[in-house]
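Visitor: Below is the file structure_19.pdb, with PDB, C-alpha atoms and all ligand atoms.
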```pdb
ATOM      1  CA  MET Z   8     100.355  65.125 104.106  1.00  0.00           C
ATOM      2  CA  SER Z   9     102.926  67.919 104.095  1.00  0.00           C
ATOM      3  CA  ASP Z  10     105.647  68.308 101.459  1.00  0.00           C
ATOM      4  CA  PHE Z  11     107.921  69.456 104.262  1.00  0.00           C
ATOM      5  CA  THR Z  12     109.578  67.191 106.806  1.00  0.00           C
ATOM      6  CA  GLN Z  13     109.187  67.349 110.572  1.00  0.00           C
ATOM      7  CA  ASP Z  14     112.849  68.402 110.726  1.00  0.00           C
ATOM      8  CA  PHE Z  15     112.139  71.316 108.421  1.00  0.00           C
ATOM      9  CA  GLN Z  16     109.094  72.308 110.466  1.00  0.00           C
ATOM     10  CA  ASN Z  17     111.181  72.298 113.643  1.00  0.00           C
ATOM     11  CA  THR Z  18     113.923  74.308 111.946  1.00  0.00           C
ATOM     12  CA  LEU Z  19     111.394  76.841 110.673  1.00  0.00           C
ATOM     13  CA  ARG Z  20     110.108  77.286 114.206  1.00  0.00           C
ATOM     14  CA  ASP Z  21     113.696  77.723 115.449  1.00  0.00           C
ATOM     15  CA  LEU Z  22     114.239  80.350 112.759  1.00  0.00           C
ATOM     16  CA  MET Z  23     111.216  82.265 114.029  1.00  0.00           C
ATOM     17  CA  ARG Z  24     112.314  81.834 117.633  1.00  0.00           C
ATOM     18  CA  TRP Z  25     115.818  83.128 116.863  1.00  0.00           C
ATOM     19  CA  ARG Z  26     114.748  85.970 114.565  1.00  0.00           C
ATOM     20  CA  ARG Z  27     115.440  89.212 116.417  1.00  0.00           C
ATOM     21  CA  ASP Z  28     114.987  92.886 115.906  1.00  0.00           C
ATOM     22  CA  VAL Z  29     118.649  93.908 115.745  1.00  0.00           C
ATOM     23  CA  ARG Z  30     120.018  97.313 116.769  1.00  0.00           C
ATOM     24  CA  HIS Z  31     123.686  96.406 117.321  1.00  0.00           C
ATOM     25  CA  PHE Z  32     125.490  95.795 114.031  1.00  0.00           C
ATOM     26  CA  ARG Z  33     129.031  95.076 112.985  1.00  0.00           C
ATOM     27  CA  THR Z  34     130.086  97.527 110.302  1.00  0.00           C
ATOM     28  CA  ASP Z  35     131.504  94.974 107.828  1.00  0.00           C
ATOM     29  CA  PRO Z  36     129.658  94.952 104.500  1.00  0.00           C
ATOM     30  CA  VAL Z  37     126.942  92.611 103.345  1.00  0.00           C
ATOM     31  CA  ASP Z  38     127.612  90.691 100.147  1.00  0.00           C
ATOM     32  CA  GLU Z  39     125.421  92.090  97.361  1.00  0.00           C
ATOM     33  CA  ALA Z  40     124.425  88.665  96.025  1.00  0.00           C
ATOM     34  CA  LEU Z  41     123.296  87.632  99.506  1.00  0.00           C
ATOM     35  CA  LEU Z  42     121.287  90.810  99.942  1.00  0.00           C
ATOM     36  CA  THR Z  43     119.627  90.257  96.562  1.00  0.00           C
ATOM     37  CA  GLN Z  44     118.819  86.677  97.486  1.00  0.00           C
ATOM     38  CA  CYS Z  45     117.088  87.891 100.649  1.00  0.00           C
ATOM     39  CA  LEU Z  46     115.270  90.728  98.871  1.00  0.00           C
ATOM     40  CA  ASN Z  47     114.007  88.309  96.231  1.00  0.00           C
ATOM     41  CA  THR Z  48     111.620  86.993  98.903  1.00  0.00           C
ATOM     42  CA  PHE Z  49     109.504  90.067  98.087  1.00  0.00           C
ATOM     43  CA  HIS Z  50     108.645  88.315  94.798  1.00  0.00           C
ATOM     44  CA  LEU Z  51     107.232  85.406  96.807  1.00  0.00           C
ATOM     45  CA  ALA Z  52     105.101  87.483  99.164  1.00  0.00           C
ATOM     46  CA  PRO Z  53     101.324  87.630  99.184  1.00  0.00           C
ATOM     47  CA  SER Z  54      99.762  90.973  98.259  1.00  0.00           C
ATOM     48  CA  VAL Z  55      96.204  92.194  97.935  1.00  0.00           C
ATOM     49  CA  GLY Z  56      95.008  91.677  94.342  1.00  0.00           C
ATOM     50  CA  LEU Z  57      98.621  90.755  93.479  1.00  0.00           C
ATOM     51  CA  SER Z  58      99.256  94.496  93.585  1.00  0.00           C
ATOM     52  CA  GLU Z  59     102.855  94.126  94.867  1.00  0.00           C
ATOM     53  CA  PRO Z  60     102.697  97.687  96.225  1.00  0.00           C
ATOM     54  CA  TRP Z  61     106.142  97.660  97.880  1.00  0.00           C
ATOM     55  CA  ARG Z  62     108.632 100.295  96.769  1.00  0.00           C
ATOM     56  CA  ILE Z  63     112.161 100.225  98.150  1.00  0.00           C
ATOM     57  CA  ILE Z  64     114.627 103.084  98.502  1.00  0.00           C
ATOM     58  CA  ARG Z  65     118.168 102.101  99.413  1.00  0.00           C
ATOM     59  CA  LEU Z  66     119.926 104.872 101.338  1.00  0.00           C
ATOM     60  CA  GLU Z  67     123.538 105.014 100.216  1.00  0.00           C
ATOM     61  CA  SER Z  68     124.487 108.682 100.055  1.00  0.00           C
ATOM     62  CA  GLY Z  69     125.820 110.662 103.030  1.00  0.00           C
ATOM     63  CA  PRO Z  70     123.036 113.276 102.814  1.00  0.00           C
ATOM     64  CA  ALA Z  71     120.247 110.674 102.626  1.00  0.00           C
ATOM     65  CA  ARG Z  72     121.639 108.744 105.600  1.00  0.00           C
ATOM     66  CA  ALA Z  73     122.223 111.955 107.571  1.00  0.00           C
ATOM     67  CA  ALA Z  74     118.653 113.160 106.970  1.00  0.00           C
ATOM     68  CA  ALA Z  75     117.216 109.833 108.130  1.00  0.00           C
ATOM     69  CA  LEU Z  76     119.435 109.723 111.214  1.00  0.00           C
ATOM     70  CA  ALA Z  77     118.588 113.314 112.166  1.00  0.00           C
ATOM     71  CA  ASN Z  78     114.906 112.456 111.708  1.00  0.00           C
ATOM     72  CA  PHE Z  79     115.260 109.471 114.076  1.00  0.00           C
ATOM     73  CA  LYS Z  80     117.177 111.456 116.696  1.00  0.00           C
ATOM     74  CA  ALA Z  81     114.578 114.247 116.739  1.00  0.00           C
ATOM     75  CA  GLU Z  82     111.647 111.829 116.997  1.00  0.00           C
ATOM     76  CA  ASN Z  83     113.387 109.716 119.620  1.00  0.00           C
ATOM     77  CA  THR Z  84     113.944 112.815 121.761  1.00  0.00           C
ATOM     78  CA  ARG Z  85     110.292 113.743 121.291  1.00  0.00           C
ATOM     79  CA  ALA Z  86     109.216 110.196 122.244  1.00  0.00           C
ATOM     80  CA  LEU Z  87     111.353 110.307 125.403  1.00  0.00           C
ATOM     81  CA  SER Z  88     109.580 113.478 126.503  1.00  0.00           C
ATOM     82  CA  GLY Z  89     106.321 111.486 126.562  1.00  0.00           C
ATOM     83  CA  TYR Z  90     107.522 109.322 129.462  1.00  0.00           C
ATOM     84  CA  ASP Z  91     108.033 110.134 133.147  1.00  0.00           C
ATOM     85  CA  GLY Z  92     109.944 108.666 136.038  1.00  0.00           C
ATOM     86  CA  GLU Z  93     111.315 105.143 135.789  1.00  0.00           C
ATOM     87  CA  LYS Z  94     109.945 104.547 132.285  1.00  0.00           C
ATOM     88  CA  ALA Z  95     111.686 107.727 131.062  1.00  0.00           C
ATOM     89  CA  ALA Z  96     114.955 106.655 132.680  1.00  0.00           C
ATOM     90  CA  LEU Z  97     114.702 103.238 131.053  1.00  0.00           C
ATOM     91  CA  TYR Z  98     113.667 104.641 127.649  1.00  0.00           C
ATOM     92  CA  SER Z  99     116.666 106.964 127.608  1.00  0.00           C
ATOM     93  CA  LYS Z 100     118.970 103.933 127.934  1.00  0.00           C
ATOM     94  CA  LEU Z 101     117.382 101.911 125.118  1.00  0.00           C
ATOM     95  CA  LYS Z 102     119.099 101.648 121.758  1.00  0.00           C
ATOM     96  CA  LEU Z 103     116.198 101.914 119.346  1.00  0.00           C
ATOM     97  CA  SER Z 104     117.954 101.933 116.003  1.00  0.00           C
ATOM     98  CA  GLY Z 105     121.144 100.711 114.399  1.00  0.00           C
ATOM     99  CA  MET Z 106     121.145 103.574 111.911  1.00  0.00           C
ATOM    100  CA  GLN Z 107     124.585 104.748 112.961  1.00  0.00           C
ATOM    101  CA  ASP Z 108     126.250 101.422 112.040  1.00  0.00           C
ATOM    102  CA  ALA Z 109     124.104  99.269 109.771  1.00  0.00           C
ATOM    103  CA  PRO Z 110     125.824  98.851 106.383  1.00  0.00           C
ATOM    104  CA  VAL Z 111     122.528  98.504 104.493  1.00  0.00           C
ATOM    105  CA  GLN Z 112     119.546 100.755 105.113  1.00  0.00           C
ATOM    106  CA  LEU Z 113     116.265 100.566 103.260  1.00  0.00           C
ATOM    107  CA  ALA Z 114     113.176 102.747 103.438  1.00  0.00           C
ATOM    108  CA  ILE Z 115     110.229 100.620 102.401  1.00  0.00           C
ATOM    109  CA  PHE Z 116     107.155 102.377 101.099  1.00  0.00           C
ATOM    110  CA  CYS Z 117     103.696 101.398  99.948  1.00  0.00           C
ATOM    111  CA  ASP Z 118     102.434 102.806  96.665  1.00  0.00           C
ATOM    112  CA  GLU Z 119      98.915 103.773  97.726  1.00  0.00           C
ATOM    113  CA  GLU Z 120      97.882 104.464  94.127  1.00  0.00           C
ATOM    114  CA  THR Z 121      99.295 101.498  92.279  1.00  0.00           C
ATOM    115  CA  GLN Z 122      97.117 100.318  89.391  1.00  0.00           C
ATOM    116  CA  LYS Z 123      98.591  96.823  89.627  1.00  0.00           C
ATOM    117  CA  GLY Z 124      95.888  94.410  90.700  1.00  0.00           C
ATOM    118  CA  ALA Z 125      93.183  96.719  89.280  1.00  0.00           C
ATOM    119  CA  GLY Z 126      91.969  97.634  92.762  1.00  0.00           C
ATOM    120  CA  LEU Z 127      90.982  94.072  93.680  1.00  0.00           C
ATOM    121  CA  GLY Z 128      90.503  93.767  97.452  1.00  0.00           C
ATOM    122  CA  VAL Z 129      91.115  97.393  98.384  1.00  0.00           C
ATOM    123  CA  ALA Z 130      87.734  99.013  97.735  1.00  0.00           C
ATOM    124  CA  THR Z 131      86.632  98.896 101.384  1.00  0.00           C
ATOM    125  CA  MET Z 132      90.056  98.507 103.017  1.00  0.00           C
ATOM    126  CA  PRO Z 133      92.785 100.350 101.104  1.00  0.00           C
ATOM    127  CA  GLU Z 134      95.094  99.763 104.078  1.00  0.00           C
ATOM    128  CA  MET Z 135      95.407  96.173 102.777  1.00  0.00           C
ATOM    129  CA  ARG Z 136      98.106  97.480 100.433  1.00  0.00           C
ATOM    130  CA  ARG Z 137     100.171  98.514 103.453  1.00  0.00           C
ATOM    131  CA  TYR Z 138      99.506  95.187 105.174  1.00  0.00           C
ATOM    132  CA  SER Z 139     100.817  93.463 102.041  1.00  0.00           C
ATOM    133  CA  VAL Z 140     104.077  95.367 102.419  1.00  0.00           C
ATOM    134  CA  VAL Z 141     104.315  94.339 106.078  1.00  0.00           C
ATOM    135  CA  GLY Z 142     103.818  90.682 105.125  1.00  0.00           C
ATOM    136  CA  ALA Z 143     106.585  90.883 102.547  1.00  0.00           C
ATOM    137  CA  ILE Z 144     108.931  92.468 105.079  1.00  0.00           C
ATOM    138  CA  ALA Z 145     108.259  89.637 107.539  1.00  0.00           C
ATOM    139  CA  GLN Z 146     109.341  87.097 104.916  1.00  0.00           C
ATOM    140  CA  PHE Z 147     112.455  89.074 104.071  1.00  0.00           C
ATOM    141  CA  TRP Z 148     113.274  89.324 107.797  1.00  0.00           C
ATOM    142  CA  LEU Z 149     113.168  85.543 108.194  1.00  0.00           C
ATOM    143  CA  MET Z 150     115.227  84.847 105.072  1.00  0.00           C
ATOM    144  CA  ALA Z 151     117.838  87.378 106.207  1.00  0.00           C
ATOM    145  CA  ARG Z 152     117.976  85.690 109.609  1.00  0.00           C
ATOM    146  CA  ALA Z 153     118.300  82.282 107.947  1.00  0.00           C
ATOM    147  CA  HIS Z 154     121.538  83.611 106.414  1.00  0.00           C
ATOM    148  CA  GLY Z 155     122.719  85.052 109.724  1.00  0.00           C
ATOM    149  CA  LEU Z 156     121.884  88.649 108.806  1.00  0.00           C
ATOM    150  CA  GLY Z 157     120.239  90.938 111.320  1.00  0.00           C
ATOM    151  CA  VAL Z 158     117.329  93.234 110.504  1.00  0.00           C
ATOM    152  CA  GLY Z 159     116.128  96.107 112.663  1.00  0.00           C
ATOM    153  CA  TRP Z 160     112.828  97.878 112.011  1.00  0.00           C
ATOM    154  CA  VAL Z 161     112.856 101.580 112.894  1.00  0.00           C
ATOM    155  CA  SER Z 162     109.525 103.356 113.255  1.00  0.00           C
ATOM    156  CA  ILE Z 163     110.569 106.309 115.413  1.00  0.00           C
ATOM    157  CA  LEU Z 164     110.545 108.643 112.434  1.00  0.00           C
ATOM    158  CA  ASP Z 165     108.526 111.482 110.971  1.00  0.00           C
ATOM    159  CA  PRO Z 166     107.255 109.739 107.813  1.00  0.00           C
ATOM    160  CA  MET Z 167     106.336 112.942 105.983  1.00  0.00           C
ATOM    161  CA  ALA Z 168     109.794 114.407 106.543  1.00  0.00           C
ATOM    162  CA  LEU Z 169     111.483 111.215 105.342  1.00  0.00           C
ATOM    163  CA  THR Z 170     109.231 111.115 102.271  1.00  0.00           C
ATOM    164  CA  ARG Z 171     110.272 114.696 101.480  1.00  0.00           C
ATOM    165  CA  ASP Z 172     113.965 114.150 102.211  1.00  0.00           C
ATOM    166  CA  LEU Z 173     114.142 111.065  99.990  1.00  0.00           C
ATOM    167  CA  GLU Z 174     112.139 112.796  97.261  1.00  0.00           C
ATOM    168  CA  VAL Z 175     109.675 109.949  96.809  1.00  0.00           C
ATOM    169  CA  PRO Z 176     106.167 110.480  95.403  1.00  0.00           C
ATOM    170  CA  GLN Z 177     103.595 111.859  97.838  1.00  0.00           C
ATOM    171  CA  HIS Z 178     101.358 108.833  97.336  1.00  0.00           C
ATOM    172  CA  TRP Z 179     104.007 106.481  98.694  1.00  0.00           C
ATOM    173  CA  SER Z 180     103.539 105.952 102.423  1.00  0.00           C
ATOM    174  CA  LEU Z 181     106.390 104.883 104.652  1.00  0.00           C
ATOM    175  CA  VAL Z 182     105.922 101.386 106.083  1.00  0.00           C
ATOM    176  CA  ALA Z 183     109.368 100.584 107.456  1.00  0.00           C
ATOM    177  CA  TYR Z 184     112.899 101.821 107.756  1.00  0.00           C
ATOM    178  CA  LEU Z 185     115.111  98.734 107.891  1.00  0.00           C
ATOM    179  CA  CYS Z 186     118.678  98.498 109.140  1.00  0.00           C
ATOM    180  CA  ILE Z 187     120.434  95.407 107.810  1.00  0.00           C
ATOM    181  CA  GLY Z 188     123.828  93.933 108.583  1.00  0.00           C
ATOM    182  CA  TRP Z 189     125.722  91.364 110.612  1.00  0.00           C
ATOM    183  CA  PRO Z 190     124.471  91.323 114.203  1.00  0.00           C
ATOM    184  CA  GLU Z 191     126.925  91.692 117.061  1.00  0.00           C
ATOM    185  CA  THR Z 192     125.154  88.936 119.025  1.00  0.00           C
ATOM    186  CA  THR Z 193     122.338  86.442 118.653  1.00  0.00           C
ATOM    187  CA  SER Z 194     119.624  85.670 121.179  1.00  0.00           C
ATOM    188  CA  ASP Z 195     116.289  83.903 121.458  1.00  0.00           C
ATOM    189  CA  THR Z 196     114.955  86.711 123.653  1.00  0.00           C
ATOM    190  CA  PRO Z 197     113.780  90.143 122.450  1.00  0.00           C
ATOM    191  CA  GLU Z 198     116.085  92.975 123.461  1.00  0.00           C
ATOM    192  CA  LEU Z 199     113.149  94.886 124.964  1.00  0.00           C
ATOM    193  CA  GLU Z 200     112.614  91.901 127.238  1.00  0.00           C
ATOM    194  CA  LEU Z 201     116.300  91.706 128.206  1.00  0.00           C
ATOM    195  CA  THR Z 202     116.292  95.411 129.076  1.00  0.00           C
ATOM    196  CA  GLY Z 203     113.145  95.125 131.205  1.00  0.00           C
ATOM    197  CA  TRP Z 204     110.886  97.271 128.989  1.00  0.00           C
ATOM    198  CA  GLU Z 205     108.269  94.624 128.142  1.00  0.00           C
ATOM    199  CA  THR Z 206     107.725  90.864 128.139  1.00  0.00           C
ATOM    200  CA  ARG Z 207     106.244  88.483 125.606  1.00  0.00           C
ATOM    201  CA  ARG Z 208     102.796  87.073 126.327  1.00  0.00           C
ATOM    202  CA  ALA Z 209     102.779  83.444 127.439  1.00  0.00           C
ATOM    203  CA  THR Z 210      99.391  82.753 125.876  1.00  0.00           C
ATOM    204  CA  LEU Z 211      97.664  83.767 122.694  1.00  0.00           C
ATOM    205  CA  PRO Z 212      94.451  85.738 123.296  1.00  0.00           C
ATOM    206  CA  ILE Z 213      91.710  84.076 121.259  1.00  0.00           C
ATOM    207  CA  GLU Z 214      88.011  84.741 121.847  1.00  0.00           C
ATOM    208  CA  THR Z 215      85.106  82.861 120.394  1.00  0.00           C
ATOM    209  CA  ARG Z 216      81.791  84.281 119.205  1.00  0.00           C
TER     210      ARG Z 216
HETATM  211  C1  LIG X   1     106.186  97.582 113.008  1.00  0.00           C
HETATM  212  C2  LIG X   1     107.399  97.498 113.899  1.00  0.00           C
HETATM  213  C3  LIG X   1     108.043  98.673 114.258  1.00  0.00           C
HETATM  214  C4  LIG X   1     109.160  98.627 115.108  1.00  0.00           C
HETATM  215  N1  LIG X   1     109.835  99.781 115.425  1.00  0.00           N
HETATM  216  C5  LIG X   1     110.946  99.722 116.197  1.00  0.00           C
HETATM  217  C6  LIG X   1     111.732 100.885 116.476  1.00  0.00           C
HETATM  218  O1  LIG X   1     111.453 101.991 116.025  1.00  0.00           O
HETATM  219  N2  LIG X   1     112.826 100.745 117.237  1.00  0.00           N
HETATM  220  C7  LIG X   1     113.191  99.533 117.766  1.00  0.00           C
HETATM  221  O2  LIG X   1     114.212  99.461 118.458  1.00  0.00           O
HETATM  222  N3  LIG X   1     112.473  98.416 117.511  1.00  0.00           N
HETATM  223  C8  LIG X   1     111.380  98.481 116.737  1.00  0.00           C
HETATM  224  N4  LIG X   1     110.683  97.342 116.446  1.00  0.00           N
HETATM  225  C9  LIG X   1     111.130  96.057 116.996  1.00  0.00           C
HETATM  226  C10 LIG X   1     110.287  95.606 118.165  1.00  0.00           C
HETATM  227  O3  LIG X   1     110.622  96.342 119.313  1.00  0.00           O
HETATM  228  C11 LIG X   1     110.558  94.124 118.378  1.00  0.00           C
HETATM  229  O4  LIG X   1     110.064  93.425 117.256  1.00  0.00           O
HETATM  230  C12 LIG X   1     109.915  93.563 119.625  1.00  0.00           C
HETATM  231  O5  LIG X   1     110.455  94.143 120.768  1.00  0.00           O
HETATM  232  C13 LIG X   1     110.094  92.034 119.731  1.00  0.00           C
HETATM  233  O6  LIG X   1     111.468  91.744 119.624  1.00  0.00           O
HETATM  234  P1  LIG X   1     111.997  90.765 118.494  1.00  0.00           P
HETATM  235  O7  LIG X   1     111.644  91.347 117.157  1.00  0.00           O
HETATM  236  O8  LIG X   1     113.474  90.669 118.705  1.00  0.00           O
HETATM  237  O9  LIG X   1     111.285  89.449 118.693  1.00  0.00           O
HETATM  238  C14 LIG X   1     109.589  97.380 115.604  1.00  0.00           C
HETATM  239  C15 LIG X   1     108.929  96.207 115.217  1.00  0.00           C
HETATM  240  C16 LIG X   1     107.854  96.258 114.364  1.00  0.00           C
HETATM  241  C17 LIG X   1     107.180  94.976 113.950  1.00  0.00           C
END
```
For the file at hand, write its structure as structure tokens.
Ligand SMILES: Cc1cc2nc3c(=O)[nH]c(=O)nc-3n(C[C@H](O)[C@H](O)[C@H](O)COP(=O)(O)O)c2cc1C
Guide:
Amino acid sequence: MSDFTQDFQNTLRDLMRWRRDVRHFRTDPVDEALLTQCLNTFHLAPSVGLSEPWRIIRLESGPARAAALANFKAENTRALSGYDGEKAALYSKLKLSGMQDAPVQLAIFCDEETQKGAGLGVATMPEMRRYSVVGAIAQFWLMARAHGLGVGWVSILDPMALTRDLEVPQHWSLVAYLCIGWPETTSDTPELELTGWETRRATLPIETR
């Protein structure tokens, strides 16, 4: 028997269905208490060995934001050059980050050398630390959406350059650059689907052995 009602289960599914990767933000600020409430979901997240390897840098200064934006623009131009024909034409029209407008921007790293958790679970697969960070981000994303906030994950970046520019330790690896703010619109359909880039699968591929 579940502690959660059928109504809650349906609402949770709706939350997942209406969570979006957001690139179009209004510029009005996000209340600090609300942001903290959403970020506190990191404390609830699973992590390998309870290592909690997430490290968060909030980009507030002009130079930090400018370095990240320049990094994105350079890598986005490089990515475009990898496509030809129709796909190139479509790619050039996509908006792939809200870094110009999002009021809150976070670079989320994984501490690859954390001693927390005493190495439990990472002896054969150290990448589990990074997966822990991804899991925590997914929870944050849903909580933000539950409050009406939009989150956009930017991965079109040179991680080494960002690590240098933000002066973070070399053993922190970049997992996500998140743009956070109030979305201009809401939708139950991914923007990449609306723009004709890709569609969601209708079925889940599961094989048996
Ligand atoms: C690991 C990861 C990296 C992503 N990187 C980018 C990115 O650099 N730019 C972008 O516009 N969207 C990025 N996205 C968002 C995906 O394009 C988006 O999740 C997908 O199209 C499905 O849309 P939805 O999140 O609205 O359901 C990323 C998503 C994930 C999970």
Visitor: Collect all residues with atoms no farther than 6 Å from ligand LIG 1 (chain X), counting all atoms listed in the file, and output them as a PyMOL selection string.
Guide: chain Z and resi 27-28+103-104+160-163+197-199
Visitor: Name all residues at most 12 Å from Arg85 of chain Z (count only C-alpha atoms; drop same-chain ones fewer than 6 positions away) and give them as a list in words.
Guide: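 Final neighbour list, sorted by chain and number: Asn78, Phe79, Ala95, Tyr98, Ser99, Ile163, Leu164 and Asp165 of chain Z.
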Visitor: So, with only C-alpha atoms as the atoms that count, which of Z:Gln122, Z:Ser9, Z:Thr215, Z:Asn47 lies closest to Gln146 of chain Z?
Guide: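 Smallest separation from Gln146 of chain Z among the options: Z:Asn47.
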Visitor: If you measure from atom CA of Arg33 of chain Z to atom CA of Arg72 of chain Z, what distance in Å do you get, rounded to one decimal?
Guide: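 The value is 17.2 Å.
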Visitor: Which residues match the PyMOL selection byres (((chain Z and resi 192) around 10) and not hetatm) in the file above, as a PDB file with C-alpha atoms, in the coordinates of the input?
Guide:
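After the write, selection22.pdb holds the following:
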```
ATOM      1  CA  VAL Z  29     118.649  93.908 115.745  1.00  0.00           C
ATOM      2  CA  HIS Z  31     123.686  96.406 117.321  1.00  0.00           C
ATOM      3  CA  PHE Z  32     125.490  95.795 114.031  1.00  0.00           C
ATOM      4  CA  ARG Z  33     129.031  95.076 112.985  1.00  0.00           C
ATOM      5  CA  GLY Z 157     120.239  90.938 111.320  1.00  0.00           C
ATOM      6  CA  TRP Z 189     125.722  91.364 110.612  1.00  0.00           C
ATOM      7  CA  PRO Z 190     124.471  91.323 114.203  1.00  0.00           C
ATOM      8  CA  GLU Z 191     126.925  91.692 117.061  1.00  0.00           C
ATOM      9  CA  THR Z 193     122.338  86.442 118.653  1.00  0.00           C
ATOM     10  CA  SER Z 194     119.624  85.670 121.179  1.00  0.00           C
TER      11      SER Z 194
END
```
Visitor: Could you pull out every residue with an atom within 12 Å of (97.0, 101.4, 107.3), file coordinates, counting all atoms listed in the file, and send them as a list in words?
Guide: Phe116, Cys117, Glu119, Val129, Met132, Pro133, Glu134, Met135, Arg136, Arg137, Tyr138, Ser139, Val140, Val141, Ser180, Leu181 and Val182 of chain Z
Visitor: When the PyMOL selection byres (((chain Z and resi 186) around 6) and not hetatm) is applied to the file above, which residues end up in the set, as a PyMOL selection string?
Guide: chain Z and resi 109+112+158-159+185+187
Visitor: Which residues, named as in the file, does the PyMOL selection byres (((chain Z and resi 22) around 12) and not hetatm) pick out? Answer as an MDAnalysis selection string.
Guide: chainID Z and resid 15:21 23:27 146 148:156 193:195
Visitor: Quick one: of Z:Ala183, Z:Met8, Z:Ala145, Z:Ile115, who's nearest to Thr48 of chain Z, counting only C-alpha atoms?
Guide: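 Between Z:Ala183, Z:Met8, Z:Ala145, Z:Ile115, the residue approaching Thr48 of chain Z most closely is Z:Ala145.
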Visitor: Where's the centre, and what are the edge lengths in Å to one decimal, of a box along x, y and z enclosing all listed atoms of segment 154-160 of chain Z padded 4 Å per side, as AutoDock Vina command-line options?
Guide:
```
--center_x 117.8 --center_y 90.7 --center_z 109.5 --size_x 17.9 --size_y 22.3 --size_z 14.2
```
Visitor: Between atom CA of Leu173 of chain Z and atom CA of Leu66 of chain Z, what is the spacing in Å?
Guide: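 One can read the atom CA of Leu66 of chain Z to atom CA of Leu173 of chain Z distance as 8.6 Å.
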Visitor: Here is a test: counting only C-alpha atoms, which residue of Z:Ile213, Z:Ala77, Z:Val37, Z:Ala143 is nearest to Arg62 of chain Z?
Guide: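 That would be Z:Ala143, the residue with the smallest distance to Arg62 of chain Z.
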Visitor: Using atom CA of Ile64 of chain Z and atom CA of Thr131 of chain Z as the two end points, give the distance in Å to one decimal.
Guide: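 Result for atom CA of Ile64 of chain Z versus atom CA of Thr131 of chain Z: 28.5 Å, one decimal.
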Visitor: Kindly indicate which residue among Z:Glu200, Z:Asp118, Z:Leu127, Z:Ala71 lies nearest to Asp172 of chain Z, using only C-alpha atoms for the distances.
Guide: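 Selected residue with least distance to Asp172 of chain Z: Z:Ala71.
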Visitor: Excluding Ala81 of chain Z and any residue of its chain fewer than 5 positions from it, enumerate the residues within 12 Å of it, using all atoms listed in the file, and give them as a ChimeraX atom specification.
Guide: /Z:74-76,86-88,163-165,168
Visitor: For a quick check of understanding, using all atoms listed in the file, which of Z:Leu41, Z:Leu101, Z:Ala130, Z:Ala114 has the smallest distance to Pro166 of chain Z?
Guide: Z:Ala114
Visitor: Have a look at Z:Met106, Z:Ala73, Z:Leu201, Z:Ala125 and name the one nearest to Pro60 of chain Z; count all atoms listed in the file.
Guide: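 Among the listed residues, the smallest separation from Pro60 of chain Z belongs to Z:Ala125.
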